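*Asks:* Here you go, this is coords.tsv (TSV, N, CA and C atoms).
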chain	number	residue	atom	x	y	z
I	1	MET	N	-11.64	-15.54	-29.83
I	1	MET	CA	-13.04	-15.54	-29.47
I	1	MET	C	-13.49	-14.08	-29.33
I	2	PRO	N	-14.53	-13.67	-30.01
I	2	PRO	CA	-14.99	-12.27	-29.92
I	2	PRO	C	-15.67	-11.99	-28.59
I	3	LEU	N	-15.63	-10.72	-28.22
I	3	LEU	CA	-16.33	-10.30	-27.00
I	3	LEU	C	-17.83	-10.48	-27.18
I	4	LYS	N	-18.51	-10.78	-26.11
I	4	LYS	CA	-19.95	-10.98	-26.17
I	4	LYS	C	-20.72	-9.69	-25.89
I	5	TYR	N	-20.00	-8.63	-25.64
I	5	TYR	CA	-20.65	-7.34	-25.41
I	5	TYR	C	-19.77	-6.25	-26.00
I	6	GLU	N	-20.31	-5.10	-26.14
I	6	GLU	CA	-19.56	-3.97	-26.67
I	6	GLU	C	-19.51	-2.89	-25.59
I	7	PHE	N	-18.33	-2.45	-25.31
I	7	PHE	CA	-18.11	-1.44	-24.28
I	7	PHE	C	-17.29	-0.33	-24.92
I	8	ASN	N	-17.91	0.76	-25.27
I	8	ASN	CA	-17.26	1.80	-26.08
I	8	ASN	C	-16.55	2.86	-25.25
I	9	LEU	N	-15.68	2.43	-24.36
I	9	LEU	CA	-14.87	3.36	-23.58
I	9	LEU	C	-13.40	3.00	-23.74
I	10	LEU	N	-12.56	4.02	-23.75
I	10	LEU	CA	-11.12	3.77	-23.70
I	10	LEU	C	-10.77	3.38	-22.28
I	11	CYS	N	-9.66	2.70	-22.11
I	11	CYS	CA	-9.29	2.19	-20.78
I	11	CYS	C	-9.33	3.27	-19.71
I	12	HIS	N	-8.73	4.43	-19.98
I	12	HIS	CA	-8.69	5.48	-18.96
I	12	HIS	C	-10.07	6.09	-18.70
I	13	GLU	N	-11.00	5.93	-19.62
I	13	GLU	CA	-12.35	6.46	-19.43
I	13	GLU	C	-13.19	5.60	-18.49
I	14	VAL	N	-12.77	4.36	-18.30
I	14	VAL	CA	-13.53	3.45	-17.44
I	14	VAL	C	-13.58	3.98	-16.01
I	15	ILE	N	-12.50	4.57	-15.54
I	15	ILE	CA	-12.47	5.10	-14.17
I	15	ILE	C	-13.51	6.19	-13.99
I	16	ALA	N	-13.55	7.16	-14.89
I	16	ALA	CA	-14.53	8.25	-14.78
I	16	ALA	C	-15.95	7.71	-14.93
I	17	HIS	N	-16.14	6.78	-15.84
I	17	HIS	CA	-17.46	6.17	-16.02
I	17	HIS	C	-17.90	5.48	-14.74
I	18	ASN	N	-17.03	4.65	-14.18
I	18	ASN	CA	-17.38	3.92	-12.96
I	18	ASN	C	-17.56	4.87	-11.78
I	19	ALA	N	-16.84	5.98	-11.77
I	19	ALA	CA	-17.03	6.96	-10.69
I	19	ALA	C	-18.43	7.57	-10.75
I	20	ARG	N	-18.97	7.71	-11.97
I	20	ARG	CA	-20.34	8.23	-12.12
I	20	ARG	C	-21.38	7.18	-11.76
I	21	VAL	N	-21.15	5.96	-12.18
I	21	VAL	CA	-22.15	4.89	-12.04
I	21	VAL	C	-22.04	4.18	-10.68
I	22	TYR	N	-20.82	3.99	-10.21
I	22	TYR	CA	-20.59	3.20	-8.99
I	22	TYR	C	-19.78	4.00	-7.96
I	23	ALA	N	-20.06	5.26	-7.82
I	23	ALA	CA	-19.24	6.20	-7.04
I	23	ALA	C	-18.77	5.65	-5.69
I	24	ASN	N	-19.65	5.06	-4.93
I	24	ASN	CA	-19.30	4.64	-3.57
I	24	ASN	C	-18.95	3.16	-3.45
I	25	ASP	N	-18.91	2.47	-4.58
I	25	ASP	CA	-18.51	1.06	-4.56
I	25	ASP	C	-16.98	0.97	-4.51
I	26	THR	N	-16.49	-0.10	-3.94
I	26	THR	CA	-15.05	-0.31	-3.84
I	26	THR	C	-14.47	-0.59	-5.22
I	27	ALA	N	-13.44	0.15	-5.56
I	27	ALA	CA	-12.76	-0.03	-6.84
I	27	ALA	C	-11.51	-0.88	-6.68
I	28	VAL	N	-10.78	-0.67	-5.59
I	28	VAL	CA	-9.52	-1.38	-5.40
I	28	VAL	C	-9.26	-1.54	-3.90
I	29	VAL	N	-8.66	-2.68	-3.57
I	29	VAL	CA	-8.27	-2.98	-2.20
I	29	VAL	C	-6.81	-3.41	-2.23
I	30	CYS	N	-6.01	-2.84	-1.34
I	30	CYS	CA	-4.60	-3.21	-1.29
I	30	CYS	C	-4.11	-3.02	0.14
I	31	GLU	N	-3.53	-4.06	0.68
I	31	GLU	CA	-2.96	-4.01	2.03
I	31	GLU	C	-3.94	-3.43	3.04
I	32	GLY	N	-5.20	-3.85	2.94
I	32	GLY	CA	-6.21	-3.42	3.90
I	32	GLY	C	-6.81	-2.05	3.63
I	33	ARG	N	-6.32	-1.37	2.62
I	33	ARG	CA	-6.86	-0.05	2.26
I	33	ARG	C	-7.82	-0.23	1.09
I	34	ARG	N	-8.94	0.50	1.15
I	34	ARG	CA	-9.94	0.45	0.09
I	34	ARG	C	-10.14	1.84	-0.48
I	35	LEU	N	-10.30	1.89	-1.81
I	35	LEU	CA	-10.65	3.15	-2.46
I	35	LEU	C	-11.92	2.93	-3.27
I	36	THR	N	-12.82	3.88	-3.20
I	36	THR	CA	-14.03	3.82	-4.01
I	36	THR	C	-13.70	4.30	-5.42
I	37	TRP	N	-14.62	4.08	-6.34
I	37	TRP	CA	-14.44	4.57	-7.71
I	37	TRP	C	-14.34	6.09	-7.70
I	38	HIS	N	-15.13	6.75	-6.87
I	38	HIS	CA	-15.07	8.21	-6.78
I	38	HIS	C	-13.67	8.66	-6.36
I	39	LYS	N	-13.11	8.01	-5.34
I	39	LYS	CA	-11.79	8.38	-4.84
I	39	LYS	C	-10.70	8.07	-5.86
I	40	VAL	N	-10.81	6.94	-6.55
I	40	VAL	CA	-9.83	6.61	-7.59
I	40	VAL	C	-9.86	7.66	-8.69
I	41	ASN	N	-11.05	8.05	-9.11
I	41	ASN	CA	-11.18	9.08	-10.15
I	41	ASN	C	-10.58	10.40	-9.68
I	42	GLU	N	-10.89	10.77	-8.46
I	42	GLU	CA	-10.38	12.02	-7.90
I	42	GLU	C	-8.85	12.01	-7.82
I	43	GLU	N	-8.29	10.92	-7.31
I	43	GLU	CA	-6.84	10.82	-7.13
I	43	GLU	C	-6.09	10.73	-8.46
I	44	THR	N	-6.62	9.99	-9.42
I	44	THR	CA	-5.95	9.89	-10.72
I	44	THR	C	-6.02	11.22	-11.46
I	45	ASN	N	-7.13	11.94	-11.32
I	45	ASN	CA	-7.21	13.28	-11.93
I	45	ASN	C	-6.20	14.22	-11.28
I	46	ARG	N	-6.11	14.17	-9.96
I	46	ARG	CA	-5.15	15.03	-9.25
I	46	ARG	C	-3.73	14.73	-9.71
I	47	PHE	N	-3.41	13.45	-9.87
I	47	PHE	CA	-2.07	13.06	-10.30
I	47	PHE	C	-1.80	13.55	-11.73
I	48	ALA	N	-2.75	13.35	-12.61
I	48	ALA	CA	-2.60	13.80	-14.01
I	48	ALA	C	-2.42	15.31	-14.07
I	49	ASN	N	-3.20	16.04	-13.31
I	49	ASN	CA	-3.10	17.50	-13.28
I	49	ASN	C	-1.75	17.95	-12.73
I	50	ALA	N	-1.22	17.25	-11.75
I	50	ALA	CA	0.09	17.60	-11.21
I	50	ALA	C	1.17	17.45	-12.28
I	51	LEU	N	1.08	16.40	-13.09
I	51	LEU	CA	2.05	16.21	-14.17
I	51	LEU	C	1.93	17.32	-15.21
I	52	LEU	N	0.71	17.71	-15.52
I	52	LEU	CA	0.50	18.82	-16.47
I	52	LEU	C	1.08	20.11	-15.92
I	53	GLU	N	0.92	20.34	-14.63
I	53	GLU	CA	1.46	21.55	-14.01
I	53	GLU	C	2.98	21.56	-14.01
I	54	LEU	N	3.59	20.39	-14.09
I	54	LEU	CA	5.05	20.31	-14.19
I	54	LEU	C	5.54	20.64	-15.60
I	55	GLY	N	4.61	20.80	-16.53
I	55	GLY	CA	4.99	21.14	-17.90
I	55	GLY	C	5.06	19.97	-18.85
I	56	LEU	N	4.66	18.79	-18.40
I	56	LEU	CA	4.64	17.65	-19.31
I	56	LEU	C	3.54	17.83	-20.34
I	57	ARG	N	3.78	17.26	-21.51
I	57	ARG	CA	2.83	17.38	-22.62
I	57	ARG	C	2.31	16.02	-23.04
I	58	HIS	N	1.18	16.06	-23.72
I	58	HIS	CA	0.56	14.84	-24.24
I	58	HIS	C	1.61	14.01	-24.98
I	59	GLY	N	1.69	12.74	-24.66
I	59	GLY	CA	2.63	11.85	-25.33
I	59	GLY	C	3.99	11.73	-24.64
I	60	ASP	N	4.28	12.61	-23.69
I	60	ASP	CA	5.55	12.49	-22.96
I	60	ASP	C	5.57	11.18	-22.19
I	61	ARG	N	6.75	10.61	-22.08
I	61	ARG	CA	6.90	9.36	-21.32
I	61	ARG	C	7.17	9.68	-19.85
I	62	VAL	N	6.50	8.94	-18.98
I	62	VAL	CA	6.68	9.10	-17.54
I	62	VAL	C	7.03	7.73	-16.97
I	63	ALA	N	8.26	7.61	-16.46
I	63	ALA	CA	8.71	6.35	-15.88
I	63	ALA	C	8.18	6.23	-14.45
I	64	LEU	N	7.80	5.03	-14.09
I	64	LEU	CA	7.28	4.75	-12.76
I	64	LEU	C	8.19	3.73	-12.09
I	65	LEU	N	8.91	4.18	-11.08
I	65	LEU	CA	9.79	3.31	-10.31
I	65	LEU	C	9.19	3.22	-8.91
I	66	MET	N	8.19	2.37	-8.80
I	66	MET	CA	7.40	2.30	-7.58
I	66	MET	C	7.07	0.85	-7.24
I	67	SER	N	7.06	0.57	-5.94
I	67	SER	CA	6.62	-0.75	-5.49
I	67	SER	C	5.13	-0.90	-5.75
I	68	ALA	N	4.68	-2.13	-5.88
I	68	ALA	CA	3.27	-2.39	-6.12
I	68	ALA	C	2.46	-1.92	-4.91
I	69	GLY	N	1.36	-1.23	-5.19
I	69	GLY	CA	0.49	-0.73	-4.13
I	69	GLY	C	-0.49	0.28	-4.68
I	70	LEU	N	-1.28	0.86	-3.79
I	70	LEU	CA	-2.27	1.85	-4.23
I	70	LEU	C	-1.63	3.06	-4.90
I	71	GLU	N	-0.49	3.49	-4.37
I	71	GLU	CA	0.16	4.67	-4.95
I	71	GLU	C	0.60	4.41	-6.39
I	72	SER	N	1.14	3.23	-6.65
I	72	SER	CA	1.57	2.94	-8.03
I	72	SER	C	0.36	2.75	-8.95
I	73	PHE	N	-0.74	2.23	-8.42
I	73	PHE	CA	-1.98	2.11	-9.18
I	73	PHE	C	-2.48	3.49	-9.58
I	74	ILE	N	-2.54	4.41	-8.62
I	74	ILE	CA	-2.99	5.78	-8.89
I	74	ILE	C	-2.03	6.46	-9.86
I	75	ALA	N	-0.74	6.28	-9.66
I	75	ALA	CA	0.24	6.92	-10.55
I	75	ALA	C	0.09	6.42	-11.98
I	76	PHE	N	0.00	5.10	-12.16
I	76	PHE	CA	-0.12	4.55	-13.51
I	76	PHE	C	-1.34	5.13	-14.22
I	77	TRP	N	-2.50	5.05	-13.58
I	77	TRP	CA	-3.72	5.52	-14.24
I	77	TRP	C	-3.76	7.04	-14.34
I	78	GLY	N	-3.11	7.74	-13.43
I	78	GLY	CA	-2.99	9.19	-13.57
I	78	GLY	C	-2.16	9.57	-14.78
I	79	VAL	N	-1.08	8.83	-15.01
I	79	VAL	CA	-0.25	9.05	-16.20
I	79	VAL	C	-1.09	8.82	-17.46
I	80	VAL	N	-1.80	7.72	-17.50
I	80	VAL	CA	-2.61	7.39	-18.68
I	80	VAL	C	-3.71	8.42	-18.89
I	81	LYS	N	-4.41	8.80	-17.83
I	81	LYS	CA	-5.50	9.77	-17.95
I	81	LYS	C	-4.99	11.13	-18.42
I	82	GLY	N	-3.76	11.47	-18.07
I	82	GLY	CA	-3.19	12.74	-18.50
I	82	GLY	C	-2.73	12.75	-19.95
I	83	GLY	N	-2.80	11.61	-20.61
I	83	GLY	CA	-2.38	11.54	-22.00
I	83	GLY	C	-0.90	11.28	-22.17
I	84	PHE	N	-0.26	10.84	-21.11
I	84	PHE	CA	1.16	10.52	-21.15
I	84	PHE	C	1.34	9.03	-21.38
I	85	VAL	N	2.58	8.63	-21.59
I	85	VAL	CA	2.89	7.22	-21.81
I	85	VAL	C	3.57	6.69	-20.55
I	86	ALA	N	2.96	5.71	-19.91
I	86	ALA	CA	3.53	5.12	-18.70
I	86	ALA	C	4.66	4.16	-19.08
I	87	VAL	N	5.76	4.28	-18.36
I	87	VAL	CA	6.90	3.39	-18.53
I	87	VAL	C	7.16	2.73	-17.17
I	88	PRO	N	6.43	1.65	-16.86
I	88	PRO	CA	6.63	0.99	-15.57
I	88	PRO	C	7.97	0.27	-15.54
I	89	LEU	N	8.67	0.41	-14.43
I	89	LEU	CA	9.98	-0.21	-14.28
I	89	LEU	C	9.98	-1.17	-13.10
I	90	ASN	N	10.77	-2.21	-13.21
I	90	ASN	CA	10.89	-3.21	-12.15
I	90	ASN	C	11.78	-2.67	-11.04
I	91	VAL	N	11.26	-2.60	-9.83
I	91	VAL	CA	12.04	-2.05	-8.71
I	91	VAL	C	13.18	-2.97	-8.30
I	92	LEU	N	13.23	-4.19	-8.83
I	92	LEU	CA	14.29	-5.14	-8.48
I	92	LEU	C	15.48	-5.06	-9.43
I	93	LEU	N	15.42	-4.19	-10.42
I	93	LEU	CA	16.53	-4.06	-11.36
I	93	LEU	C	17.78	-3.55	-10.66
I	94	ASP	N	18.95	-4.01	-11.13
I	94	ASP	CA	20.20	-3.45	-10.61
I	94	ASP	C	20.37	-2.03	-11.16
I	95	VAL	N	21.21	-1.26	-10.55
I	95	VAL	CA	21.36	0.16	-10.87
I	95	VAL	C	21.78	0.37	-12.32
I	96	ASP	N	22.71	-0.43	-12.83
I	96	ASP	CA	23.17	-0.27	-14.21
I	96	ASP	C	22.04	-0.53	-15.21
I	97	SER	N	21.27	-1.60	-14.98
I	97	SER	CA	20.15	-1.91	-15.88
I	97	SER	C	19.10	-0.82	-15.82
I	98	LEU	N	18.82	-0.34	-14.63
I	98	LEU	CA	17.84	0.72	-14.46
I	98	LEU	C	18.27	1.99	-15.19
I	99	ALA	N	19.53	2.36	-15.05
I	99	ALA	CA	20.04	3.55	-15.73
I	99	ALA	C	19.94	3.39	-17.25
I	100	ARG	N	20.28	2.21	-17.74
I	100	ARG	CA	20.21	1.96	-19.18
I	100	ARG	C	18.76	2.03	-19.68
I	101	LEU	N	17.84	1.37	-18.96
I	101	LEU	CA	16.43	1.40	-19.37
I	101	LEU	C	15.86	2.81	-19.32
I	102	LEU	N	16.15	3.53	-18.26
I	102	LEU	CA	15.64	4.90	-18.16
I	102	LEU	C	16.22	5.78	-19.26
I	103	GLY	N	17.50	5.62	-19.54
I	103	GLY	CA	18.12	6.41	-20.60
I	103	GLY	C	17.51	6.11	-21.96
I	104	ASN	N	17.22	4.85	-22.22
I	104	ASN	CA	16.63	4.46	-23.50
I	104	ASN	C	15.14	4.79	-23.60
I	105	SER	N	14.49	4.97	-22.47
I	105	SER	CA	13.04	5.19	-22.48
I	105	SER	C	12.65	6.59	-22.96
I	106	ARG	N	13.59	7.52	-22.91
I	106	ARG	CA	13.33	8.93	-23.24
I	106	ARG	C	12.24	9.52	-22.33
I	107	ALA	N	12.19	9.03	-21.09
I	107	ALA	CA	11.22	9.56	-20.13
I	107	ALA	C	11.55	11.01	-19.81
I	108	ARG	N	10.51	11.82	-19.74
I	108	ARG	CA	10.66	13.23	-19.35
I	108	ARG	C	10.55	13.41	-17.85
I	109	ALA	N	10.00	12.41	-17.16
I	109	ALA	CA	9.85	12.45	-15.71
I	109	ALA	C	9.94	11.03	-15.17
I	110	VAL	N	10.38	10.93	-13.93
I	110	VAL	CA	10.41	9.64	-13.24
I	110	VAL	C	9.68	9.84	-11.91
I	111	ILE	N	8.75	8.97	-11.64
I	111	ILE	CA	8.03	8.99	-10.38
I	111	ILE	C	8.57	7.84	-9.53
I	112	ALA	N	9.09	8.17	-8.36
I	112	ALA	CA	9.63	7.17	-7.45
I	112	ALA	C	8.84	7.24	-6.15
I	113	ASP	N	8.95	6.18	-5.36
I	113	ASP	CA	8.33	6.21	-4.04
I	113	ASP	C	9.44	6.13	-2.99
I	114	ALA	N	9.06	6.07	-1.74
I	114	ALA	CA	10.05	6.08	-0.66
I	114	ALA	C	11.03	4.92	-0.77
I	115	SER	N	10.57	3.78	-1.29
I	115	SER	CA	11.44	2.61	-1.37
I	115	SER	C	12.42	2.66	-2.53
I	116	THR	N	12.22	3.56	-3.48
I	116	THR	CA	13.08	3.60	-4.66
I	116	THR	C	13.78	4.94	-4.87
I	117	ALA	N	13.46	5.93	-4.08
I	117	ALA	CA	14.03	7.28	-4.27
I	117	ALA	C	15.55	7.28	-4.16
I	118	ALA	N	16.09	6.56	-3.20
I	118	ALA	CA	17.55	6.54	-3.02
I	118	ALA	C	18.24	5.93	-4.24
I	119	THR	N	17.67	4.88	-4.79
I	119	THR	CA	18.22	4.25	-6.00
I	119	THR	C	18.21	5.25	-7.15
I	120	LEU	N	17.11	5.95	-7.31
I	120	LEU	CA	16.99	6.94	-8.37
I	120	LEU	C	18.03	8.04	-8.21
I	121	ASP	N	18.28	8.47	-6.98
I	121	ASP	CA	19.27	9.52	-6.73
I	121	ASP	C	20.66	9.12	-7.20
I	122	THR	N	20.99	7.82	-7.11
I	122	THR	CA	22.33	7.38	-7.51
I	122	THR	C	22.56	7.44	-9.01
I	123	ILE	N	21.49	7.46	-9.82
I	123	ILE	CA	21.65	7.47	-11.28
I	123	ILE	C	21.15	8.76	-11.92
I	124	ARG	N	20.76	9.72	-11.11
I	124	ARG	CA	20.18	10.96	-11.62
I	124	ARG	C	21.09	11.64	-12.66
I	125	ASP	N	22.37	11.64	-12.47
I	125	ASP	CA	23.29	12.30	-13.41
I	125	ASP	C	23.34	11.62	-14.77
I	126	HIS	N	22.84	10.40	-14.87
I	126	HIS	CA	22.85	9.65	-16.14
I	126	HIS	C	21.53	9.79	-16.90
I	127	LEU	N	20.68	10.69	-16.46
I	127	LEU	CA	19.36	10.83	-17.06
I	127	LEU	C	19.19	12.26	-17.61
I	128	PRO	N	19.74	12.53	-18.77
I	128	PRO	CA	19.73	13.89	-19.31
I	128	PRO	C	18.35	14.42	-19.70
I	129	THR	N	17.41	13.54	-20.02
I	129	THR	CA	16.11	14.04	-20.48
I	129	THR	C	15.12	14.25	-19.34
I	130	VAL	N	15.47	13.84	-18.15
I	130	VAL	CA	14.54	13.93	-17.00
I	130	VAL	C	14.76	15.23	-16.26
So, in terms of structure tokens, how does the structure I just supplied come out?

*Replies:*
Amino acid sequence: MPLKYEFNLLCHEVIAHNARVYANDTAVVCEGRRLTWHKVNEETNRFANALLELGLRHGDRVALLMSAGLESFIAFWGVVKGGFVAVPLNVLLDVDSLARLLGNSRARAVIADASTAATLDTIRDHLPTV
């Protein structure tokens, strides 16, 4: 079924567009926390810029080993806005599967959160490209 309207924005451009049009409207709610479109745009830009400052280049893969939440939402869209390729990973994977997936992903960086950092530390030596 074809779309009934035409929206000529790329996915990552929707955030900036909505930040201009709906700046103070709620964009996302998670665990009682709310972010406006302006704040989402600001935070995803900050995240993308941080990855660029680390030396990542357009098209580099960035693995995300993060629990679902606002931080993983910002990280995912920050990766996309920066021109990188997001590689979301399941935080419930066993260590061997995680090491294999990360090794095969050719990720140049891995973003972990407090709940997954210890797991990532156990396989760090098996990740030559990160």

*Asks:* Report the distance between atom C of Leu93 in chain I and atom N of Phe76 in chain I in Å, rounded to one decimal place.

*Replies:*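 Answer for the atom C of Leu93 in chain I to atom N of Phe76 in chain I separation: 19.8 Å.
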
*Asks:* When you count all atoms listed in the file, which of these residues is closest to Thr122 in chain I: I:Val28, I:Leu54, I:Leu101, I:Val95?

*Replies:*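 Smallest separation from Thr122 in chain I among the options: I:Val95.
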
*Asks:* Which of these, I:Val80, I:Val87, I:Leu120, I:Leu10, has the shortest distance to Val62 in chain I once you count only N, CA and C atoms?

*Replies:* I:Val87

*Asks:* Please return as a ChimeraX atom specification: the residues of chain I that backbone DSSP assigns to strand (DSSP E).

*Replies:* /I:26-30,33-36,61-65,85-88,109-112

*Asks:* Please, could you write that set of residues out with N, CA and C atoms as a compact mmCIF listing (two decimals), in the coordinates of the input?

*Replies:*
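Now in result_29.txt:
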# COMPACT_ATOMS: atom_id res chain seq x y z
N THR I 26 -16.49 -0.10 -3.94
CA THR I 26 -15.05 -0.31 -3.84
C THR I 26 -14.47 -0.59 -5.22
N ALA I 27 -13.44 0.15 -5.56
CA ALA I 27 -12.76 -0.03 -6.84
C ALA I 27 -11.51 -0.88 -6.68
N VAL I 28 -10.78 -0.67 -5.59
CA VAL I 28 -9.52 -1.38 -5.40
C VAL I 28 -9.26 -1.54 -3.90
N VAL I 29 -8.66 -2.68 -3.57
CA VAL I 29 -8.27 -2.98 -2.20
C VAL I 29 -6.81 -3.41 -2.23
N CYS I 30 -6.01 -2.84 -1.34
CA CYS I 30 -4.60 -3.21 -1.29
C CYS I 30 -4.11 -3.02 0.14
N ARG I 33 -6.32 -1.37 2.62
CA ARG I 33 -6.86 -0.05 2.26
C ARG I 33 -7.82 -0.23 1.09
N ARG I 34 -8.94 0.50 1.15
CA ARG I 34 -9.94 0.45 0.09
C ARG I 34 -10.14 1.84 -0.48
N LEU I 35 -10.30 1.89 -1.81
CA LEU I 35 -10.65 3.15 -2.46
C LEU I 35 -11.92 2.93 -3.27
N THR I 36 -12.82 3.88 -3.20
CA THR I 36 -14.03 3.82 -4.01
C THR I 36 -13.70 4.30 -5.42
N ARG I 61 6.75 10.61 -22.08
CA ARG I 61 6.90 9.36 -21.32
C ARG I 61 7.17 9.68 -19.85
N VAL I 62 6.50 8.94 -18.98
CA VAL I 62 6.68 9.10 -17.54
C VAL I 62 7.03 7.73 -16.97
N ALA I 63 8.26 7.61 -16.46
CA ALA I 63 8.71 6.35 -15.88
C ALA I 63 8.18 6.23 -14.45
N LEU I 64 7.80 5.03 -14.09
CA LEU I 64 7.28 4.75 -12.76
C LEU I 64 8.19 3.73 -12.09
N LEU I 65 8.91 4.18 -11.08
CA LEU I 65 9.79 3.31 -10.31
C LEU I 65 9.19 3.22 -8.91
N VAL I 85 2.58 8.63 -21.59
CA VAL I 85 2.89 7.22 -21.81
C VAL I 85 3.57 6.69 -20.55
N ALA I 86 2.96 5.71 -19.91
CA ALA I 86 3.53 5.12 -18.70
C ALA I 86 4.66 4.16 -19.08
N VAL I 87 5.76 4.28 -18.36
CA VAL I 87 6.90 3.39 -18.53
C VAL I 87 7.16 2.73 -17.17
N PRO I 88 6.43 1.65 -16.86
CA PRO I 88 6.63 0.99 -15.57
C PRO I 88 7.97 0.27 -15.54
N ALA I 109 10.00 12.41 -17.16
CA ALA I 109 9.85 12.45 -15.71
C ALA I 109 9.94 11.03 -15.17
N VAL I 110 10.38 10.93 -13.93
CA VAL I 110 10.41 9.64 -13.24
C VAL I 110 9.68 9.84 -11.91
N ILE I 111 8.75 8.97 -11.64
CA ILE I 111 8.03 8.99 -10.38
C ILE I 111 8.57 7.84 -9.53
N ALA I 112 9.09 8.17 -8.36
CA ALA I 112 9.63 7.17 -7.45
C ALA I 112 8.84 7.24 -6.15

*Asks:* For atom N of Val29 in chain I and CA of Glu71 in chain I, quote the distance in Å rounded to one decimal.

*Replies:*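 Atom-to-atom, atom N of Val29 in chain I and CA of Glu71 in chain I are spaced 11.6 Å apart.
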
*Asks:* Between I:Ala117, I:Val110, I:Leu102, I:Leu70, which is the closest to Glu31 in chain I once you count all atoms listed in the file?

*Replies:* I:Leu70

*Asks:* I:Ala86, I:Ala109, I:Val40, I:Leu56: which is nearest Val130 in chain I, counting all atoms listed in the file?

*Replies:*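 Under the stated criterion, the closest residue is I:Ala109.
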
*Asks:* List the spatial neighbours of Asp60 in chain I as a PyMOL selection string - criterion: any atom at most 6.5 Å away, only N, CA and C atoms, same-chain residues fewer than 4 positions off excluded.

*Replies:* chain I and resi 56+83-86+107-108

*Asks:* Could you jot down the CA of Ala23 in chain I to CA of Phe47 in chain I separation for me, Å, one decimal place?

*Replies:*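 That distance, rounded to one decimal, is 18.8 Å.
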
*Asks:* Under the rule that only N, CA and C atoms are counted, which of I:Leu127, I:Ala114, I:Val79, I:Thr26 is the nearest residue to Ala99 in chain I?

*Replies:*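 Result for the nearest residue to Ala99 in chain I: I:Leu127.
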
*Asks:* Please return, as a PyMOL selection string, all residues of chain I that DSSP assigns to helix (DSSP H, G or I) on the basis of the backbone.

*Replies:* chain I and resi 11-21+37-53+70-81+95-105+117-126

*Asks:* Excluding Ser115 in chain I and its own-chain neighbours fewer than 2 positions away, which residues fall within 8 Å of it when counting all atoms listed in the file? Please give them as a list in words.

*Replies:*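 Near neighbours after the sequence-gap exclusion: Leu65, Met66, Ser67, Val91, Ala112, Asp113, Ala117, Ala118, Thr119 and Leu120 of chain I.
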